[in-house]
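Below is one structure, written out as structure tokens; the observations come after it.
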Number of protein chains: 2
Amino acid sequence: MSDEILAANQAFYEAFAAEDSERMDALWARRAPVTCVHPGWPALVGRVRVMASFRAILENGAPPVRAQNPSVQELGEVAYVVCDERIGRGRLVATNVFVREDDEWRLVHHHAGQVADGERVVDEPEPDDSMPSPSDLN
Amino acid sequence: MSDEILAANQAFYEAFAAEDSERMDALWARRAPVTCVHPGWPALVGRVRVMASFRAILENGAPPVRAQNPSVQELGEVAYVVCDERIGRGRLVATNVFVREDDEWRLVHHHAGQVADGERVVDEPEPDDSMPSPSDLN
């Protein structure tokens, strides 16, 4: 399950890299409402606005974005990934929320914002880029 | 249901305003792993780190944060709220993810980042600060 969610997360960044707005559209939920927060932007609410934003970004030459250090959290029919984004020398962090629709993990929310500096901070012991198990918690 | 989620979201900002780290701790999930992205910070993964970050922030005199324009999305036992945050004259946008545990909506993820400028953009017709219904979608 976690692999499928990571693959869905990676597909998002591949559609971005391919500057392919139709492929991007296909990755987002059809029935669940969708929302998006691009870096520095106000929140976009609703599929029409979110898809228009991706078309505008992707059709105007999107900068190459690489995703790193994904942490997956599975919550039944919902999952989210927190990952770093590298854009050139810039460093951002993203939250990508997915919902299970038609046997596929589809995006319902993307929120990305800049990181001032520093590395990811993870509870000890380091959970190998995955979420800590409940037994790690207090 | 939506009211309960909005109340849980509001409780988060009230614990922040009260600079009460114990109250903050009580609002976060016990069993589901938790994650957090403070504005400009790298991702924090795991309850120990996330709670330590809130203690550090709240015990050092947190700036007053007001939440505005919450949009709730319900996804079964998971829900998330996208809302604006006002800190003095600063404007941020936050994603707060909640999970149902022990008949309570508890936080599993908070991600906040600055907005460069502008107002929230919402699909027409404006859905009164709520999410659009599936029938609004393409």
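Letters A, B, ... go to the chains of the structure tokens in the order shown; residues in each chain start at 1; ligands are counted from 1 in the same order.
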
Nearby residues (only C-alpha atoms) at most 8 Å from B:Asn69, same-chain spacing under 2 positions excluded, as an mmCIF file with C-alpha atoms, in the first residue's frame:
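Output below, filename out-v6.cif:
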data_model
loop_
_atom_site.group_PDB
_atom_site.id
_atom_site.type_symbol
_atom_site.label_atom_id
_atom_site.label_comp_id
_atom_site.auth_asym_id
_atom_site.auth_seq_id
_atom_site.Cartn_x
_atom_site.Cartn_y
_atom_site.Cartn_z
ATOM 1 C CA ALA B 67 -7.421 31.556 11.813
ATOM 2 C CA SER B 71 -12.459 25.197 4.352
ATOM 3 C CA CYS B 83 -7.343 28.109 6.498
ATOM 4 C CA ASP B 84 -5.644 31.463 6.467
ATOM 5 C CA ASP B 129 -16.101 29.238 2.973
#

TODO: Can you list, as a ChimeraX atom specification, all residues belonging to chain A that DSSP tags as strand (DSSP E)?
DONE: /A:35-37,44-45,65-75,78-87,90-101,104-114,121-122

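Pairwise distance (atom CA of B:Glu59, atom CA of B:Thr95) equals 23.1 Å.
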
TODO: Find the residues near B:Val99: any atom within 10 Å, counting only C-alpha atoms, skip ones fewer than 5 places away on the same chain, and give them as a ChimeraX atom specification.
DONE: /A:75 /B:5,28-29,31-32,75-80,104-109

Next, dump the selected residues to file, keeping only C-alpha atoms, as a PDB file, in the first residue's frame.
ATOM      1  CA  LEU A  75      -4.971   6.580   7.304  1.00  0.00           C
TER       2      LEU A  75
ATOM      3  CA  ILE B   5     -13.826  19.458  12.674  1.00  0.00           C
ATOM      4  CA  TRP B  28      -2.773  15.681  18.705  1.00  0.00           C
ATOM      5  CA  ALA B  29      -3.301  12.024  17.825  1.00  0.00           C
ATOM      6  CA  ARG B  31      -1.953   6.373  17.962  1.00  0.00           C
ATOM      7  CA  ALA B  32      -1.575   7.768  14.450  1.00  0.00           C
ATOM      8  CA  LEU B  75     -12.808  12.084   3.922  1.00  0.00           C
ATOM      9  CA  GLY B  76     -14.440   9.546   6.231  1.00  0.00           C
ATOM     10  CA  GLU B  77     -12.334   9.049   9.359  1.00  0.00           C
ATOM     11  CA  VAL B  78      -9.911  11.697   8.126  1.00  0.00           C
ATOM     12  CA  ALA B  79     -10.542  15.368   7.473  1.00  0.00           C
ATOM     13  CA  TYR B  80      -8.458  18.375   6.699  1.00  0.00           C
ATOM     14  CA  GLU B 104     -12.450  12.924  18.873  1.00  0.00           C
ATOM     15  CA  TRP B 105     -10.941  14.697  15.888  1.00  0.00           C
ATOM     16  CA  ARG B 106      -7.224  14.884  16.599  1.00  0.00           C
ATOM     17  CA  LEU B 107      -4.452  16.526  14.644  1.00  0.00           C
ATOM     18  CA  VAL B 108      -1.996  14.377  12.727  1.00  0.00           C
ATOM     19  CA  HIS B 109      -0.415  17.099  10.597  1.00  0.00           C
TER      20      HIS B 109
END

- [ ] Could you pull out the residues in stretch 9-130 of chain A that DSSP calls helix (DSSP H, G or I) from the backbone, as a PyMOL selection string?
- [x] chain A and resi 9-17+21-26+47-58

Could those residues be written to a file, using N, CA, C and O atoms, as a tab-separated table (two decimals), in the first residue's frame?
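Wrote selection.tsv, looks like this:
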chain	number	residue	atom	x	y	z
A	9	ASN	N	2.70	9.67	-5.48
A	9	ASN	CA	3.43	10.91	-5.18
A	9	ASN	C	4.47	11.19	-6.26
A	9	ASN	O	4.61	12.32	-6.75
A	10	GLN	N	5.19	10.16	-6.65
A	10	GLN	CA	6.22	10.32	-7.68
A	10	GLN	C	5.58	10.72	-9.01
A	10	GLN	O	6.14	11.55	-9.75
A	11	ALA	N	4.41	10.15	-9.32
A	11	ALA	CA	3.72	10.48	-10.58
A	11	ALA	C	3.38	11.97	-10.65
A	11	ALA	O	3.42	12.58	-11.72
A	12	PHE	N	3.08	12.54	-9.49
A	12	PHE	CA	2.80	13.98	-9.44
A	12	PHE	C	4.03	14.77	-9.90
A	12	PHE	O	3.93	15.68	-10.73
A	13	TYR	N	5.20	14.40	-9.37
A	13	TYR	CA	6.41	15.13	-9.74
A	13	TYR	C	6.85	14.83	-11.17
A	13	TYR	O	7.45	15.68	-11.83
A	14	GLU	N	6.50	13.65	-11.66
A	14	GLU	CA	6.83	13.33	-13.05
A	14	GLU	C	5.95	14.13	-14.02
A	14	GLU	O	6.43	14.60	-15.05
A	15	ALA	N	4.68	14.30	-13.67
A	15	ALA	CA	3.80	15.13	-14.51
A	15	ALA	C	4.29	16.57	-14.51
A	15	ALA	O	4.26	17.26	-15.52
A	16	PHE	N	4.79	17.00	-13.36
A	16	PHE	CA	5.36	18.33	-13.23
A	16	PHE	C	6.59	18.46	-14.14
A	16	PHE	O	6.71	19.41	-14.92
A	17	ALA	N	7.48	17.48	-14.03
A	17	ALA	CA	8.72	17.52	-14.83
A	17	ALA	C	8.42	17.45	-16.32
A	17	ALA	O	9.12	18.07	-17.13
A	21	SER	N	-0.01	18.99	-18.43
A	21	SER	CA	-1.16	19.35	-17.59
A	21	SER	C	-2.29	18.33	-17.70
A	21	SER	O	-3.07	18.17	-16.75
A	22	GLU	N	-2.38	17.61	-18.81
A	22	GLU	CA	-3.41	16.56	-18.90
A	22	GLU	C	-3.06	15.39	-17.97
A	22	GLU	O	-3.93	14.83	-17.30
A	23	ARG	N	-1.78	15.04	-17.97
A	23	ARG	CA	-1.34	13.97	-17.06
A	23	ARG	C	-1.55	14.41	-15.61
A	23	ARG	O	-1.96	13.62	-14.77
A	24	MET	N	-1.24	15.67	-15.34
A	24	MET	CA	-1.46	16.20	-13.99
A	24	MET	C	-2.93	16.10	-13.61
A	24	MET	O	-3.27	15.62	-12.52
A	25	ASP	N	-3.80	16.51	-14.50
A	25	ASP	CA	-5.25	16.48	-14.23
A	25	ASP	C	-5.70	15.07	-13.86
A	25	ASP	O	-6.48	14.88	-12.91
A	26	ALA	N	-5.18	14.08	-14.57
A	26	ALA	CA	-5.59	12.69	-14.36
A	26	ALA	C	-5.20	12.17	-12.98
A	26	ALA	O	-5.76	11.19	-12.49
A	47	ARG	N	-11.76	22.21	-7.95
A	47	ARG	CA	-11.00	21.57	-9.02
A	47	ARG	C	-10.71	22.50	-10.19
A	47	ARG	O	-9.63	22.47	-10.79
A	48	VAL	N	-11.68	23.35	-10.54
A	48	VAL	CA	-11.51	24.25	-11.70
A	48	VAL	C	-10.30	25.17	-11.47
A	48	VAL	O	-9.41	25.29	-12.32
A	49	ARG	N	-10.27	25.79	-10.30
A	49	ARG	CA	-9.17	26.71	-9.98
A	49	ARG	C	-7.82	25.99	-9.87
A	49	ARG	O	-6.80	26.47	-10.31
A	50	VAL	N	-7.86	24.82	-9.23
A	50	VAL	CA	-6.60	24.09	-9.02
A	50	VAL	C	-6.03	23.66	-10.37
A	50	VAL	O	-4.84	23.85	-10.65
A	51	MET	N	-6.88	23.13	-11.24
A	51	MET	CA	-6.37	22.68	-12.53
A	51	MET	C	-5.92	23.86	-13.40
A	51	MET	O	-4.93	23.77	-14.11
A	52	ALA	N	-6.64	24.98	-13.29
A	52	ALA	CA	-6.22	26.17	-14.04
A	52	ALA	C	-4.83	26.62	-13.57
A	52	ALA	O	-3.99	27.03	-14.38
A	53	SER	N	-4.58	26.50	-12.27
A	53	SER	CA	-3.27	26.91	-11.75
A	53	SER	C	-2.16	26.02	-12.29
A	53	SER	O	-1.08	26.49	-12.65
A	54	PHE	N	-2.44	24.71	-12.36
A	54	PHE	CA	-1.41	23.80	-12.89
A	54	PHE	C	-1.19	24.03	-14.38
A	54	PHE	O	-0.05	23.99	-14.85
A	55	ARG	N	-2.26	24.29	-15.11
A	55	ARG	CA	-2.08	24.58	-16.54
A	55	ARG	C	-1.20	25.82	-16.70
A	55	ARG	O	-0.26	25.83	-17.50
A	56	ALA	N	-1.49	26.85	-15.92
A	56	ALA	CA	-0.72	28.09	-16.02
A	56	ALA	C	0.75	27.84	-15.67
A	56	ALA	O	1.66	28.35	-16.35
A	57	ILE	N	0.99	27.06	-14.64
A	57	ILE	CA	2.37	26.79	-14.21
A	57	ILE	C	3.08	25.90	-15.24
A	57	ILE	O	4.20	26.21	-15.67
A	58	LEU	N	2.42	24.84	-15.66
A	58	LEU	CA	3.09	23.85	-16.51
A	58	LEU	C	3.26	24.35	-17.94
A	58	LEU	O	4.23	23.99	-18.62

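Nearest to B:Val65 of all the residues B:Glu19, B:Arg86, B:Gly46, B:Val81 is B:Arg86, counting only C-alpha atoms.
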
Open item on the list: List the spatial neighbours of A:Ile87 as an MDAnalysis selection string - criterion: any atom at most 9 Å away, only C-alpha atoms, same-chain residues fewer than 6 positions off excluded.
Closed with: chainID A and resid 63:66

Go ahead and dump the residues you just picked, all heavy atoms, as a PDB file, in the first residue's frame.
ATOM      1  N   PRO A  63       9.711  25.093 -13.461  1.00  0.00           N
ATOM      2  CA  PRO A  63      11.086  24.755 -13.084  1.00  0.00           C
ATOM      3  C   PRO A  63      11.150  23.276 -12.687  1.00  0.00           C
ATOM      4  O   PRO A  63      10.156  22.734 -12.204  1.00  0.00           O
ATOM      5  CB  PRO A  63      11.354  25.650 -11.870  1.00  0.00           C
ATOM      6  CG  PRO A  63      10.001  25.897 -11.288  1.00  0.00           C
ATOM      7  CD  PRO A  63       9.030  25.898 -12.430  1.00  0.00           C
ATOM      8  N   PRO A  64      12.285  22.618 -12.938  1.00  0.00           N
ATOM      9  CA  PRO A  64      12.374  21.206 -12.550  1.00  0.00           C
ATOM     10  C   PRO A  64      12.332  21.044 -11.038  1.00  0.00           C
ATOM     11  O   PRO A  64      13.072  21.699 -10.318  1.00  0.00           O
ATOM     12  CB  PRO A  64      13.727  20.765 -13.117  1.00  0.00           C
ATOM     13  CG  PRO A  64      14.494  22.011 -13.368  1.00  0.00           C
ATOM     14  CD  PRO A  64      13.511  23.121 -13.569  1.00  0.00           C
ATOM     15  N   VAL A  65      11.434  20.184 -10.585  1.00  0.00           N
ATOM     16  CA  VAL A  65      11.248  19.924  -9.148  1.00  0.00           C
ATOM     17  C   VAL A  65      11.599  18.475  -8.883  1.00  0.00           C
ATOM     18  O   VAL A  65      11.103  17.581  -9.579  1.00  0.00           O
ATOM     19  CB  VAL A  65       9.788  20.154  -8.721  1.00  0.00           C
ATOM     20  CG1 VAL A  65       9.622  19.924  -7.214  1.00  0.00           C
ATOM     21  CG2 VAL A  65       9.314  21.537  -9.109  1.00  0.00           C
ATOM     22  N   ARG A  66      12.466  18.242  -7.905  1.00  0.00           N
ATOM     23  CA  ARG A  66      12.749  16.863  -7.489  1.00  0.00           C
ATOM     24  C   ARG A  66      12.205  16.657  -6.088  1.00  0.00           C
ATOM     25  O   ARG A  66      12.359  17.518  -5.226  1.00  0.00           O
ATOM     26  CB  ARG A  66      14.263  16.615  -7.479  1.00  0.00           C
ATOM     27  CG  ARG A  66      14.849  16.370  -8.866  1.00  0.00           C
ATOM     28  CD  ARG A  66      16.352  16.163  -8.783  1.00  0.00           C
ATOM     29  NE  ARG A  66      17.017  17.305  -8.188  1.00  0.00           N
ATOM     30  CZ  ARG A  66      17.890  17.253  -7.198  1.00  0.00           C
ATOM     31  NH1 ARG A  66      18.220  16.084  -6.654  1.00  0.00           N
ATOM     32  NH2 ARG A  66      18.456  18.352  -6.739  1.00  0.00           N
TER      33      ARG A  66
END

TODO: Kindly give the distance, in Å, that separates atom CA of A:Val37 and atom CA of A:Gln68, rounded to a single decimal.
DONE: 19.0 Å

Mind checking which residues fall within 8 Å of B:Val93, counting only C-alpha atoms, ignoring those fewer than 6 positions away in the same chain, and posting them as a PDB file with all heavy atoms, in the first residue's frame?
ATOM      1  N   VAL A  37      -2.224  24.637  -2.343  1.00  0.00           N
ATOM      2  CA  VAL A  37      -1.484  25.829  -1.912  1.00  0.00           C
ATOM      3  C   VAL A  37      -0.107  25.778  -2.568  1.00  0.00           C
ATOM      4  O   VAL A  37       0.781  25.035  -2.130  1.00  0.00           O
ATOM      5  CB  VAL A  37      -1.337  25.897  -0.379  1.00  0.00           C
ATOM      6  CG1 VAL A  37      -0.611  27.182   0.018  1.00  0.00           C
ATOM      7  CG2 VAL A  37      -2.692  25.807   0.319  1.00  0.00           C
ATOM      8  N   PRO A  42      -2.079  32.148  -2.112  1.00  0.00           N
ATOM      9  CA  PRO A  42      -3.208  31.855  -1.227  1.00  0.00           C
ATOM     10  C   PRO A  42      -3.777  30.490  -1.588  1.00  0.00           C
ATOM     11  O   PRO A  42      -3.419  29.914  -2.622  1.00  0.00           O
ATOM     12  CB  PRO A  42      -4.203  32.978  -1.546  1.00  0.00           C
ATOM     13  CG  PRO A  42      -3.856  33.415  -2.932  1.00  0.00           C
ATOM     14  CD  PRO A  42      -2.378  33.185  -3.101  1.00  0.00           C
ATOM     15  N   ALA A  43      -4.655  29.971  -0.742  1.00  0.00           N
ATOM     16  CA  ALA A  43      -5.253  28.662  -1.000  1.00  0.00           C
ATOM     17  C   ALA A  43      -6.170  28.706  -2.222  1.00  0.00           C
ATOM     18  O   ALA A  43      -6.918  29.673  -2.412  1.00  0.00           O
ATOM     19  CB  ALA A  43      -6.054  28.225   0.222  1.00  0.00           C
TER      20      ALA A  43
ATOM     21  N   VAL B  82      -8.168  23.708   5.385  1.00  0.00           N
ATOM     22  CA  VAL B  82      -7.243  24.713   4.841  1.00  0.00           C
ATOM     23  C   VAL B  82      -7.756  26.052   5.338  1.00  0.00           C
ATOM     24  O   VAL B  82      -8.946  26.357   5.184  1.00  0.00           O
ATOM     25  CB  VAL B  82      -7.215  24.671   3.303  1.00  0.00           C
ATOM     26  CG1 VAL B  82      -6.302  25.758   2.762  1.00  0.00           C
ATOM     27  CG2 VAL B  82      -6.758  23.299   2.815  1.00  0.00           C
ATOM     28  N   CYS B  83      -6.896  26.805   5.991  1.00  0.00           N
ATOM     29  CA  CYS B  83      -7.343  28.109   6.498  1.00  0.00           C
ATOM     30  C   CYS B  83      -6.228  29.131   6.392  1.00  0.00           C
ATOM     31  O   CYS B  83      -5.052  28.781   6.263  1.00  0.00           O
ATOM     32  CB  CYS B  83      -7.835  28.001   7.941  1.00  0.00           C
ATOM     33  SG  CYS B  83      -6.617  27.452   9.138  1.00  0.00           S
ATOM     34  N   ASP B  84      -6.622  30.378   6.409  1.00  0.00           N
ATOM     35  CA  ASP B  84      -5.644  31.463   6.467  1.00  0.00           C
ATOM     36  C   ASP B  84      -5.238  31.667   7.914  1.00  0.00           C
ATOM     37  O   ASP B  84      -6.028  31.421   8.833  1.00  0.00           O
ATOM     38  CB  ASP B  84      -6.260  32.761   5.935  1.00  0.00           C
ATOM     39  CG  ASP B  84      -6.666  32.640   4.479  1.00  0.00           C
ATOM     40  OD1 ASP B  84      -6.019  31.868   3.740  1.00  0.00           O
ATOM     41  OD2 ASP B  84      -7.632  33.315   4.077  1.00  0.00           O
ATOM     42  N   GLU B  85      -4.015  32.094   8.109  1.00  0.00           N
ATOM     43  CA  GLU B  85      -3.542  32.468   9.442  1.00  0.00           C
ATOM     44  C   GLU B  85      -3.062  33.914   9.360  1.00  0.00           C
ATOM     45  O   GLU B  85      -2.302  34.260   8.446  1.00  0.00           O
ATOM     46  CB  GLU B  85      -2.367  31.584   9.883  1.00  0.00           C
ATOM     47  CG  GLU B  85      -2.729  30.123  10.116  1.00  0.00           C
ATOM     48  CD  GLU B  85      -1.525  29.316  10.629  1.00  0.00           C
ATOM     49  OE1 GLU B  85      -0.384  29.851  10.640  1.00  0.00           O
ATOM     50  OE2 GLU B  85      -1.724  28.150  11.001  1.00  0.00           O
ATOM     51  N   ALA B 112       2.122  25.029   7.784  1.00  0.00           N
ATOM     52  CA  ALA B 112       1.831  26.453   7.582  1.00  0.00           C
ATOM     53  C   ALA B 112       2.969  27.122   6.839  1.00  0.00           C
ATOM     54  O   ALA B 112       4.142  26.794   7.037  1.00  0.00           O
ATOM     55  CB  ALA B 112       1.605  27.148   8.924  1.00  0.00           C
ATOM     56  N   GLY B 113       2.612  28.036   5.956  1.00  0.00           N
ATOM     57  CA  GLY B 113       3.635  28.772   5.207  1.00  0.00           C
ATOM     58  C   GLY B 113       3.112  30.128   4.799  1.00  0.00           C
ATOM     59  O   GLY B 113       1.893  30.358   4.762  1.00  0.00           O
ATOM     60  N   GLN B 114       4.028  31.011   4.518  1.00  0.00           N
ATOM     61  CA  GLN B 114       3.654  32.388   4.222  1.00  0.00           C
ATOM     62  C   GLN B 114       3.029  32.542   2.841  1.00  0.00           C
ATOM     63  O   GLN B 114       3.373  31.826   1.900  1.00  0.00           O
ATOM     64  CB  GLN B 114       4.888  33.281   4.308  1.00  0.00           C
ATOM     65  CG  GLN B 114       5.300  33.530   5.755  1.00  0.00           C
ATOM     66  CD  GLN B 114       6.243  34.686   5.886  1.00  0.00           C
ATOM     67  OE1 GLN B 114       7.269  34.720   5.216  1.00  0.00           O
ATOM     68  NE2 GLN B 114       5.896  35.636   6.736  1.00  0.00           N
ATOM     69  N   VAL B 115       2.125  33.502   2.770  1.00  0.00           N
ATOM     70  CA  VAL B 115       1.531  33.884   1.493  1.00  0.00           C
ATOM     71  C   VAL B 115       2.193  35.195   1.069  1.00  0.00           C
ATOM     72  O   VAL B 115       2.332  36.109   1.882  1.00  0.00           O
ATOM     73  CB  VAL B 115       0.011  34.094   1.635  1.00  0.00           C
ATOM     74  CG1 VAL B 115      -0.602  34.617   0.335  1.00  0.00           C
ATOM     75  CG2 VAL B 115      -0.655  32.794   2.055  1.00  0.00           C
TER      76      VAL B 115
END
